[in-house]
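For reference, run-v4.cif (mmCIF, C-alpha atoms):
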```cif
data_structure
#
loop_
_atom_site.label_atom_id
_atom_site.label_comp_id
_atom_site.auth_asym_id
_atom_site.auth_seq_id
_atom_site.Cartn_x
_atom_site.Cartn_y
_atom_site.Cartn_z
CA MET A 1 22.69 5.94 -18.76
CA LYS A 2 19.05 6.48 -19.68
CA THR A 3 17.00 8.54 -17.24
CA LEU A 4 14.12 6.60 -15.71
CA LYS A 5 10.58 7.94 -15.64
CA ILE A 6 8.13 7.11 -12.86
CA ALA A 7 4.46 8.07 -13.10
CA ILE A 8 2.51 8.93 -9.95
CA GLN A 9 -0.91 10.38 -9.28
CA LYS A 10 -1.08 14.14 -9.88
CA SER A 11 -3.80 14.61 -7.28
CA GLY A 12 -5.95 12.29 -5.21
CA ARG A 13 -5.61 9.81 -2.40
CA LEU A 14 -2.28 8.27 -3.52
CA ASN A 15 -0.39 11.48 -4.36
CA GLU A 16 0.80 12.48 -0.91
CA LYS A 17 1.96 9.00 0.12
CA SER A 18 3.69 8.43 -3.25
CA VAL A 19 5.63 11.70 -2.90
CA GLU A 20 6.50 10.84 0.72
CA LEU A 21 7.81 7.41 -0.30
CA LEU A 22 10.04 8.82 -3.04
CA LYS A 23 11.43 11.53 -0.77
CA ASN A 24 12.12 8.92 1.94
CA CYS A 25 14.13 7.05 -0.71
CA GLY A 26 16.53 10.01 -0.69
CA LEU A 27 15.25 11.52 -3.94
CA SER A 28 15.38 15.29 -4.18
CA PHE A 29 12.67 16.95 -6.29
CA ASP A 30 9.98 19.61 -6.24
CA ASN A 31 6.37 18.47 -6.15
CA TYR A 32 5.08 20.82 -8.80
CA LYS A 33 1.29 20.65 -8.65
CA SER A 34 0.95 22.58 -11.91
CA SER A 35 3.63 20.69 -13.86
CA LEU A 36 3.57 17.33 -15.60
CA ILE A 37 7.26 16.51 -15.04
CA SER A 38 9.56 17.04 -12.06
CA PRO A 39 13.25 16.06 -12.47
CA VAL A 40 15.11 14.42 -9.57
CA SER A 41 18.37 16.27 -8.93
CA ASN A 42 20.33 13.44 -7.27
CA PHE A 43 19.22 10.35 -9.23
CA PRO A 44 18.65 9.77 -12.98
CA LEU A 45 14.86 9.88 -12.63
CA GLU A 46 11.98 12.08 -13.76
CA ILE A 47 8.62 12.06 -12.02
CA LEU A 48 5.50 12.32 -14.16
CA PHE A 49 2.36 13.61 -12.44
CA LEU A 50 -0.62 12.02 -14.22
CA ARG A 51 -4.24 11.00 -13.83
CA ASP A 52 -4.27 7.63 -12.09
CA ASP A 53 -6.31 6.06 -14.91
CA ASP A 54 -3.49 6.89 -17.36
CA ILE A 55 -0.59 5.49 -15.32
CA PRO A 56 -0.90 1.75 -16.14
CA GLU A 57 -1.06 2.37 -19.90
CA TYR A 58 1.89 4.81 -19.77
CA VAL A 59 3.94 2.04 -18.14
CA GLN A 60 2.70 -0.71 -20.46
CA ASP A 61 3.51 1.40 -23.53
CA GLY A 62 6.99 2.38 -22.28
CA ILE A 63 6.27 6.10 -21.90
CA ALA A 64 7.06 5.64 -18.20
CA ASP A 65 9.37 2.94 -16.83
CA LEU A 66 7.62 2.72 -13.47
CA GLY A 67 4.36 3.76 -11.89
CA ILE A 68 2.63 3.94 -8.53
CA VAL A 69 -1.09 3.18 -8.84
CA GLY A 70 -3.90 1.29 -7.14
CA GLU A 71 -4.54 -2.36 -7.98
CA ASN A 72 -8.13 -1.43 -8.84
CA VAL A 73 -6.94 0.85 -11.65
CA ILE A 74 -4.62 -1.84 -13.04
CA ASN A 75 -7.42 -4.41 -13.10
CA GLU A 76 -9.91 -1.99 -14.63
CA THR A 77 -7.58 -0.93 -17.45
CA GLU A 78 -6.56 -4.58 -18.12
CA VAL A 79 -2.95 -3.69 -18.85
CA ASP A 80 0.01 -6.09 -18.97
CA VAL A 81 2.55 -4.80 -16.46
CA ALA A 82 4.92 -6.24 -13.85
CA TYR A 83 4.00 -5.96 -10.16
CA LEU A 84 7.31 -4.92 -8.57
CA GLN A 85 6.31 -4.09 -4.99
CA MET A 86 3.13 -3.87 -2.94
CA LEU A 87 3.45 -0.56 -1.09
CA GLY A 88 1.05 -0.97 1.84
CA PHE A 89 -0.74 2.38 1.53
CA GLY A 90 -3.91 3.47 -0.26
CA LYS A 91 -5.75 0.41 1.04
CA CYS A 92 -9.42 0.22 0.18
CA SER A 93 -12.06 -2.22 -1.04
CA LEU A 94 -14.25 -2.25 -4.10
CA LYS A 95 -17.60 -3.14 -2.61
CA LEU A 96 -21.15 -3.71 -3.62
CA ALA A 97 -23.55 -1.53 -1.64
CA ILE A 98 -27.33 -1.39 -1.44
CA PRO A 99 -29.94 0.93 0.10
CA ASN A 100 -30.30 0.16 3.79
CA ASN A 101 -34.07 -0.26 3.40
CA GLY A 102 -33.86 -2.42 0.28
CA LYS A 103 -35.00 -5.98 -0.33
CA ILE A 104 -31.71 -7.38 -1.61
CA THR A 105 -30.45 -9.88 0.95
CA LYS A 106 -28.16 -12.20 -1.01
CA LEU A 107 -25.93 -12.01 -4.08
CA GLU A 108 -28.43 -13.86 -6.27
CA ASP A 109 -30.93 -11.07 -5.66
CA LEU A 110 -28.85 -8.85 -7.96
CA ASN A 111 -30.05 -10.86 -10.99
CA GLY A 112 -31.98 -8.48 -13.24
CA LYS A 113 -31.06 -5.45 -11.14
CA ALA A 114 -29.19 -2.31 -12.22
CA ILE A 115 -25.77 -1.64 -10.65
CA ALA A 116 -24.01 1.72 -11.00
CA THR A 117 -20.20 1.76 -10.97
CA SER A 118 -17.05 3.47 -12.19
CA TYR A 119 -15.44 0.03 -12.56
CA PRO A 120 -17.51 -1.82 -15.19
CA VAL A 121 -14.69 -4.18 -16.26
CA ILE A 122 -13.99 -5.45 -12.74
CA LEU A 123 -17.69 -5.66 -11.90
CA GLU A 124 -18.54 -7.55 -15.10
CA LYS A 125 -15.90 -10.21 -14.32
CA PHE A 126 -17.11 -10.49 -10.72
CA LEU A 127 -20.72 -10.95 -11.76
CA ALA A 128 -19.77 -13.50 -14.43
CA ASN A 129 -17.73 -15.50 -11.90
CA ASN A 130 -20.77 -15.56 -9.61
CA LYS A 131 -23.22 -16.33 -12.46
CA ILE A 132 -25.12 -13.08 -11.92
CA THR A 133 -26.80 -11.26 -14.82
CA ALA A 134 -27.30 -7.57 -14.06
CA ASP A 135 -27.50 -4.25 -15.90
CA ILE A 136 -24.15 -2.47 -15.36
CA ARG A 137 -24.52 1.30 -15.59
CA THR A 138 -21.20 3.11 -15.91
CA ILE A 139 -21.01 6.42 -14.03
CA SER A 140 -17.85 8.51 -13.87
CA GLY A 141 -18.44 10.07 -10.47
CA SER A 142 -20.77 10.31 -7.46
CA VAL A 143 -21.82 6.70 -7.87
CA GLU A 144 -23.28 6.59 -4.37
CA ILE A 145 -26.17 8.95 -5.22
CA SER A 146 -27.51 6.81 -8.08
CA PRO A 147 -29.89 4.59 -6.01
CA GLY A 148 -31.44 7.68 -4.45
CA LEU A 149 -32.04 9.13 -7.91
CA GLY A 150 -33.60 5.90 -9.14
CA LEU A 151 -30.74 5.19 -11.54
CA SER A 152 -29.76 1.88 -9.99
CA ASP A 153 -30.71 -0.72 -7.40
CA ALA A 154 -27.15 -1.07 -6.09
CA ILE A 155 -23.68 0.35 -6.60
CA CYS A 156 -20.12 -0.96 -6.84
CA ASP A 157 -17.60 1.59 -5.61
CA LEU A 158 -14.36 2.07 -3.68
CA VAL A 159 -14.81 2.18 0.08
CA SER A 160 -12.21 3.25 2.65
CA THR A 161 -14.13 4.09 5.83
CA GLY A 162 -17.75 3.62 4.72
CA GLY A 163 -18.72 7.14 5.76
CA THR A 164 -19.84 8.18 2.27
CA LEU A 165 -22.04 5.10 1.95
CA LYS A 166 -23.69 5.74 5.29
CA SER A 167 -24.37 9.40 4.51
CA ASN A 168 -26.18 8.30 1.35
CA GLY A 169 -28.31 5.67 3.03
CA LEU A 170 -26.28 2.73 1.73
CA ILE A 171 -24.77 -0.31 3.43
CA PRO A 172 -21.93 -2.57 2.22
CA PHE A 173 -23.24 -5.79 0.70
CA GLY A 174 -20.18 -7.67 -0.55
CA ASP A 175 -16.50 -7.38 -1.42
CA VAL A 176 -15.57 -7.36 -5.09
CA MET A 177 -11.81 -6.83 -4.60
CA HIS A 178 -9.28 -5.40 -2.15
CA SER A 179 -6.77 -2.86 -3.38
CA GLN A 180 -3.63 -1.01 -2.33
CA ALA A 181 -0.92 1.03 -4.03
CA VAL A 182 1.53 -0.96 -6.16
CA LEU A 183 4.84 -0.09 -7.76
CA ILE A 184 4.56 -1.37 -11.33
CA GLY A 185 7.05 -1.61 -14.17
CA ARG A 186 7.18 -2.53 -17.83
CA LYS A 187 7.53 -6.28 -18.29
CA GLY A 188 11.03 -7.38 -19.24
CA GLU A 189 12.72 -4.33 -17.70
CA GLU A 190 12.93 -5.59 -14.12
CA GLU A 191 16.70 -6.16 -14.31
CA ASN A 192 17.50 -2.59 -15.40
CA PRO A 193 20.31 -1.54 -12.97
CA LEU A 194 18.60 1.76 -12.16
CA ILE A 195 15.31 0.02 -11.43
CA VAL A 196 17.11 -2.51 -9.22
CA GLU A 197 18.79 0.32 -7.28
CA LEU A 198 15.55 2.23 -6.86
CA MET A 199 13.79 -0.95 -5.74
CA GLN A 200 16.44 -1.47 -3.05
CA ARG A 201 15.72 2.02 -1.75
CA VAL A 202 11.97 1.48 -1.77
CA GLN A 203 12.24 -1.85 0.02
CA SER A 204 14.58 -0.44 2.68
CA VAL A 205 12.05 2.31 3.45
CA LEU A 206 9.16 -0.17 3.61
CA ARG A 207 11.10 -2.50 5.94
CA ALA A 208 11.80 0.41 8.26
CA LYS A 209 8.11 1.32 8.43
CA GLU A 210 7.32 -2.22 9.53
CA THR A 211 9.81 -2.34 12.42
CA LYS A 212 10.86 -0.54 15.60
CA TYR A 213 14.37 -0.29 17.05
CA VAL A 214 14.31 -1.41 20.69
CA VAL A 215 16.94 -1.13 23.43
CA LEU A 216 16.34 -2.79 26.80
CA ASN A 217 18.24 -3.69 29.95
CA ILE A 218 18.23 -7.23 31.36
CA GLU A 219 20.11 -9.26 33.93
CA ARG A 220 22.58 -11.51 32.13
CA LYS A 221 21.04 -14.57 33.78
CA ASN A 222 17.81 -13.83 31.87
CA LEU A 223 19.55 -13.13 28.54
CA GLU A 224 18.70 -16.47 26.93
CA ALA A 225 15.02 -16.02 27.79
CA ILE A 226 15.10 -12.59 26.13
CA LYS A 227 16.90 -13.89 23.03
CA SER A 228 14.32 -16.62 22.58
CA LEU A 229 11.64 -13.96 22.25
CA LEU A 230 13.50 -11.85 19.69
CA ASP A 231 13.54 -12.49 15.97
CA GLY A 232 15.51 -9.49 14.76
CA ILE A 233 17.35 -9.15 11.46
CA LYS A 234 19.94 -11.72 12.54
CA SER A 235 20.54 -11.74 16.29
CA PRO A 236 20.33 -9.03 18.96
CA THR A 237 23.35 -6.92 19.90
CA VAL A 238 24.35 -7.41 23.54
CA VAL A 239 26.40 -4.75 25.35
CA PRO A 240 27.66 -5.07 28.98
CA LEU A 241 26.45 -2.34 31.36
CA ALA A 242 28.40 -0.67 34.16
CA ASP A 243 26.34 -2.56 36.72
CA GLU A 244 27.80 -6.03 36.99
CA GLY A 245 25.54 -8.80 35.79
CA TRP A 246 23.47 -6.50 33.54
CA VAL A 247 23.51 -6.06 29.76
CA ALA A 248 21.78 -3.84 27.21
CA VAL A 249 20.11 -5.63 24.31
CA HIS A 250 19.62 -3.86 20.96
CA THR A 251 17.19 -5.38 18.44
CA VAL A 252 14.35 -4.69 16.05
CA ILE A 253 10.74 -5.79 16.49
CA ALA A 254 8.08 -6.05 13.80
CA GLU A 255 5.42 -3.36 14.16
CA LYS A 256 2.61 -5.94 13.98
CA ASP A 257 4.06 -7.87 16.94
CA PHE A 258 5.25 -4.86 18.91
CA TRP A 259 2.89 -4.68 21.90
CA SER A 260 2.68 -8.43 22.45
CA LYS A 261 6.50 -8.67 22.32
CA ILE A 262 6.93 -5.81 24.78
CA SER A 263 4.62 -7.55 27.26
CA GLN A 264 6.57 -10.80 26.89
CA LEU A 265 9.92 -9.03 27.33
CA LYS A 266 8.76 -7.32 30.50
CA ALA A 267 7.50 -10.63 31.83
CA VAL A 268 11.03 -12.10 31.71
CA GLY A 269 12.66 -9.11 33.37
CA ALA A 270 13.32 -6.47 30.69
CA GLN A 271 13.67 -2.96 32.09
CA GLY A 272 14.34 0.54 30.75
CA ILE A 273 12.85 -0.29 27.35
CA VAL A 274 13.54 2.46 24.80
CA VAL A 275 11.75 2.39 21.44
CA MET A 276 12.92 4.37 18.41
CA PRO A 277 11.70 4.69 14.82
CA ILE A 278 13.92 3.37 12.02
CA GLU A 279 14.56 5.42 8.92
CA LYS A 280 15.79 2.63 6.62
CA ILE A 281 16.82 -1.03 6.80
CA ILE A 282 19.25 -2.27 4.14
CA LEU A 283 19.87 -6.01 4.02
#
```
What's the structure tokens form of this structure?
Amino acid sequence: MKTLKIAIQKSGRLNEKSVELLKNCGLSFDNYKSSLISPVSNFPLEILFLRDDDIPEYVQDGIADLGIVGENVINETEVDVAYLQMLGFGKCSLKLAIPNNGKITKLEDLNGKAIATSYPVILEKFLANNKITADIRTISGSVEISPGLGLSDAICDLVSTGGTLKSNGLIPFGDVMHSQAVLIGRKGEEENPLIVELMQRVQSVLRAKETKYVVLNIERKNLEAIKSLLDGIKSPTVVPLADEGWVAVHTVIAEKDFWSKISQLKAVGAQGIVVMPIEKIIL
């Protein structure tokens, strides 16, 4: 069977999380920082470490079967690939930003202004959709310093925390797009058995990250009230305890609902609540 190839970022903000995800999928490999290719010893897969800008085209052209890359890079390179799985990490926003002492107060004020960016394709489409005519100045790096140097009136750049903008006297002005890491594949290859198997592993890891395993004790008379609050994978596991009239309930709770659920469970009599991380969930 043909060995798959997956392209991930060689260095940068998505590298560490991409490597972590693949290792959590049970794949054994060395993360060679100085090498382009790292073979996986326990699955027919090779990992290509590339510049993020190259990953979408490698997948589109069939050089790699899969890739992990930010949505912003996919949109900027305008490739035709299949979105297989949103991965939930590497979240950021492509934002417009302006000097904090500037006179731009609304989107229409950008008409006739110069905007510096590393994402001219995305920015051009955004401006066209909003009927704005501006001078797009493409800069490969350090976009945030361009207003201070007199190169532009505004910028369009990726923002995670906003700290870099603030340190350069800029403030966010508007969202152009939101982005996160995506697992992409070549169109038409989604049913490849190896890709299907790898996808199952990826999805099991992602499900586990979104849930907590919870064990609690409850009087049997309150069991129905507890069950009504739980929406686990199917139904909670109920185990009798040595103390008559008491049971232990095993279930999973979504991370996003965790603290509100815990408060509700305690309110109906749950005691001795133990919370544990989950490594994988396979449906």
Would you translate the PyMOL selection byres ((chain A and resi 37-43) around 12) into the concrete set of residues it matches in this file, as JSON, numbers by chain? {"A": [1, 2, 3, 4, 5, 6, 7, 8, 9, 10, 19, 22, 23, 25, 26, 27, 28, 29, 30, 31, 32, 33, 34, 35, 36, 44, 45, 46, 47, 48, 49, 50, 64, 194, 195, 197, 198, 201]}
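Considering only C-alpha atoms, the residue among A:Leu158, A:Ile139, A:Leu230, A:Leu265 positioned nearest to Pro120 in chain A is A:Ile139.
Nearest-residue note for Arg186 in chain A: choosing from A:Asp52, A:Thr164, A:Arg13, A:Asp61, the minimum distance belongs to A:Asp61, counting all atoms listed in the file.
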Pairwise distance for CA of Glu144 in chain A and CA of Gly162 in chain A, rounded to one decimal in Å: 11.0 Å
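Interatomic distance, CA of Gly169 in chain A against CA of Ile122 in chain A: 24.0 Å.
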From the list A:Gly67, A:Gly88, A:Gly269, A:Gly185, which residue is nearest Glu210 in chain A when using all atoms listed in the file? A:Gly88
Can you list, as a ChimeraX atom specification, every protein, DNA or RNA residue that comes within 12 Å of Thr161 in chain A when you count all atoms listed in the file, leaving out same-chain residues fewer than 5 positions away? /A:90-95,166-167,171-172
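With only C-alpha atoms as the atoms that count, the residue of A:Ile278, A:Val214, A:Asn130, A:Ile226 with the shortest distance to Trp259 in chain A is A:Val214.
Distance-wise, CA of Ala82 in chain A and CA of Ile136 in chain A end up 29.4 Å apart.
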Please identify every residue of range 74-100 of chain A that has at least one atom no farther than 6 Å from an atom of range 146-156 of chain A, counting all atoms listed in the file, and for each give the shortest atom pair and the distance in Å to one decimal, arranged by chain then increasing number, as JSON lines.
```
{"residue": "A:Lys95", "atom": "CA", "partner": "A:Cys156", "partner_atom": "CA", "distance": 5.4}
{"residue": "A:Leu96", "atom": "CA", "partner": "A:Cys156", "partner_atom": "CA", "distance": 4.4}
{"residue": "A:Ala97", "atom": "CA", "partner": "A:Ile155", "partner_atom": "CA", "distance": 5.3}
{"residue": "A:Ile98", "atom": "CA", "partner": "A:Ala154", "partner_atom": "CA", "distance": 4.7}
```
Measuring between all atoms listed in the file, which one of A:Glu279, A:Glu190, A:Asp257, A:Glu219 shows the shortest distance to Gln85 in chain A? A:Glu190
Would you mind telling me which residue in A:Gly188, A:Pro99, A:Gly70, A:Pro193 lies nearest to Ser18 in chain A when using all atoms listed in the file? A:Gly70
I'd like the residues picked by the PyMOL selection byres ((chain A and resi 236) around 12) written out as a compact mmCIF listing (two decimals) with C-alpha atoms, in the coordinates of the input, using the chain letters and numbers from the file.
```
# COMPACT_ATOMS: atom_id res chain seq x y z
CA TYR A 213 14.37 -0.29 17.05
CA VAL A 214 14.31 -1.41 20.69
CA VAL A 215 16.94 -1.13 23.43
CA LEU A 216 16.34 -2.79 26.80
CA LEU A 223 19.55 -13.13 28.54
CA GLU A 224 18.70 -16.47 26.93
CA ILE A 226 15.10 -12.59 26.13
CA LYS A 227 16.90 -13.89 23.03
CA SER A 228 14.32 -16.62 22.58
CA LEU A 229 11.64 -13.96 22.25
CA LEU A 230 13.50 -11.85 19.69
CA ASP A 231 13.54 -12.49 15.97
CA GLY A 232 15.51 -9.49 14.76
CA ILE A 233 17.35 -9.15 11.46
CA LYS A 234 19.94 -11.72 12.54
CA SER A 235 20.54 -11.74 16.29
CA THR A 237 23.35 -6.92 19.90
CA VAL A 238 24.35 -7.41 23.54
CA VAL A 239 26.40 -4.75 25.35
CA VAL A 247 23.51 -6.06 29.76
CA ALA A 248 21.78 -3.84 27.21
CA VAL A 249 20.11 -5.63 24.31
CA HIS A 250 19.62 -3.86 20.96
CA THR A 251 17.19 -5.38 18.44
CA VAL A 252 14.35 -4.69 16.05
CA ILE A 253 10.74 -5.79 16.49
```
N, CA and C atoms are needed for range 179-203 of chain A; please write them out as a tab-separated table (two decimals), in the coordinates of the input.
```
chain	number	residue	atom	x	y	z
A	179	SER	N	-7.77	-3.57	-2.59
A	179	SER	CA	-6.77	-2.86	-3.38
A	179	SER	C	-5.82	-2.10	-2.47
A	180	GLN	N	-4.61	-1.89	-2.97
A	180	GLN	CA	-3.63	-1.01	-2.33
A	180	GLN	C	-2.71	-0.49	-3.42
A	181	ALA	N	-1.86	0.47	-3.07
A	181	ALA	CA	-0.92	1.03	-4.03
A	181	ALA	C	0.15	0.00	-4.39
A	182	VAL	N	0.53	-0.02	-5.67
A	182	VAL	CA	1.53	-0.96	-6.16
A	182	VAL	C	2.56	-0.19	-7.00
A	183	LEU	N	3.81	-0.58	-6.85
A	183	LEU	CA	4.84	-0.09	-7.76
A	183	LEU	C	4.88	-1.05	-8.94
A	184	ILE	N	4.60	-0.53	-10.13
A	184	ILE	CA	4.56	-1.37	-11.33
A	184	ILE	C	5.68	-0.97	-12.29
A	185	GLY	N	6.02	-1.88	-13.18
A	185	GLY	CA	7.05	-1.61	-14.17
A	185	GLY	C	6.68	-2.28	-15.49
A	186	ARG	N	7.39	-1.91	-16.52
A	186	ARG	CA	7.18	-2.53	-17.83
A	186	ARG	C	7.78	-3.93	-17.82
A	187	LYS	N	7.05	-4.90	-18.30
A	187	LYS	CA	7.53	-6.28	-18.29
A	187	LYS	C	8.81	-6.40	-19.11
A	188	GLY	N	9.76	-7.17	-18.57
A	188	GLY	CA	11.03	-7.38	-19.24
A	188	GLY	C	12.11	-6.40	-18.87
A	189	GLU	N	11.74	-5.36	-18.08
A	189	GLU	CA	12.72	-4.33	-17.70
A	189	GLU	C	13.12	-4.42	-16.23
A	190	GLU	N	12.71	-5.51	-15.57
A	190	GLU	CA	12.93	-5.59	-14.12
A	190	GLU	C	14.40	-5.60	-13.74
A	191	GLU	N	15.28	-6.05	-14.64
A	191	GLU	CA	16.70	-6.16	-14.31
A	191	GLU	C	17.50	-4.90	-14.68
A	192	ASN	N	16.83	-3.87	-15.15
A	192	ASN	CA	17.50	-2.59	-15.40
A	192	ASN	C	18.21	-2.15	-14.13
A	193	PRO	N	19.55	-1.88	-14.19
A	193	PRO	CA	20.31	-1.54	-12.97
A	193	PRO	C	19.72	-0.37	-12.18
A	194	LEU	N	19.19	0.63	-12.87
A	194	LEU	CA	18.60	1.76	-12.16
A	194	LEU	C	17.31	1.37	-11.44
A	195	ILE	N	16.53	0.51	-12.08
A	195	ILE	CA	15.31	0.02	-11.43
A	195	ILE	C	15.65	-0.83	-10.22
A	196	VAL	N	16.68	-1.68	-10.35
A	196	VAL	CA	17.11	-2.51	-9.22
A	196	VAL	C	17.56	-1.63	-8.06
A	197	GLU	N	18.32	-0.57	-8.35
A	197	GLU	CA	18.79	0.32	-7.28
A	197	GLU	C	17.63	1.05	-6.61
A	198	LEU	N	16.70	1.53	-7.42
A	198	LEU	CA	15.55	2.23	-6.86
A	198	LEU	C	14.69	1.28	-6.03
A	199	MET	N	14.55	0.04	-6.51
A	199	MET	CA	13.79	-0.95	-5.74
A	199	MET	C	14.42	-1.21	-4.39
A	200	GLN	N	15.75	-1.27	-4.33
A	200	GLN	CA	16.44	-1.47	-3.05
A	200	GLN	C	16.11	-0.34	-2.09
A	201	ARG	N	16.06	0.88	-2.60
A	201	ARG	CA	15.72	2.02	-1.75
A	201	ARG	C	14.28	1.92	-1.25
A	202	VAL	N	13.38	1.60	-2.16
A	202	VAL	CA	11.97	1.48	-1.77
A	202	VAL	C	11.79	0.40	-0.71
A	203	GLN	N	12.40	-0.75	-0.92
A	203	GLN	CA	12.24	-1.85	0.02
A	203	GLN	C	12.86	-1.55	1.38
```
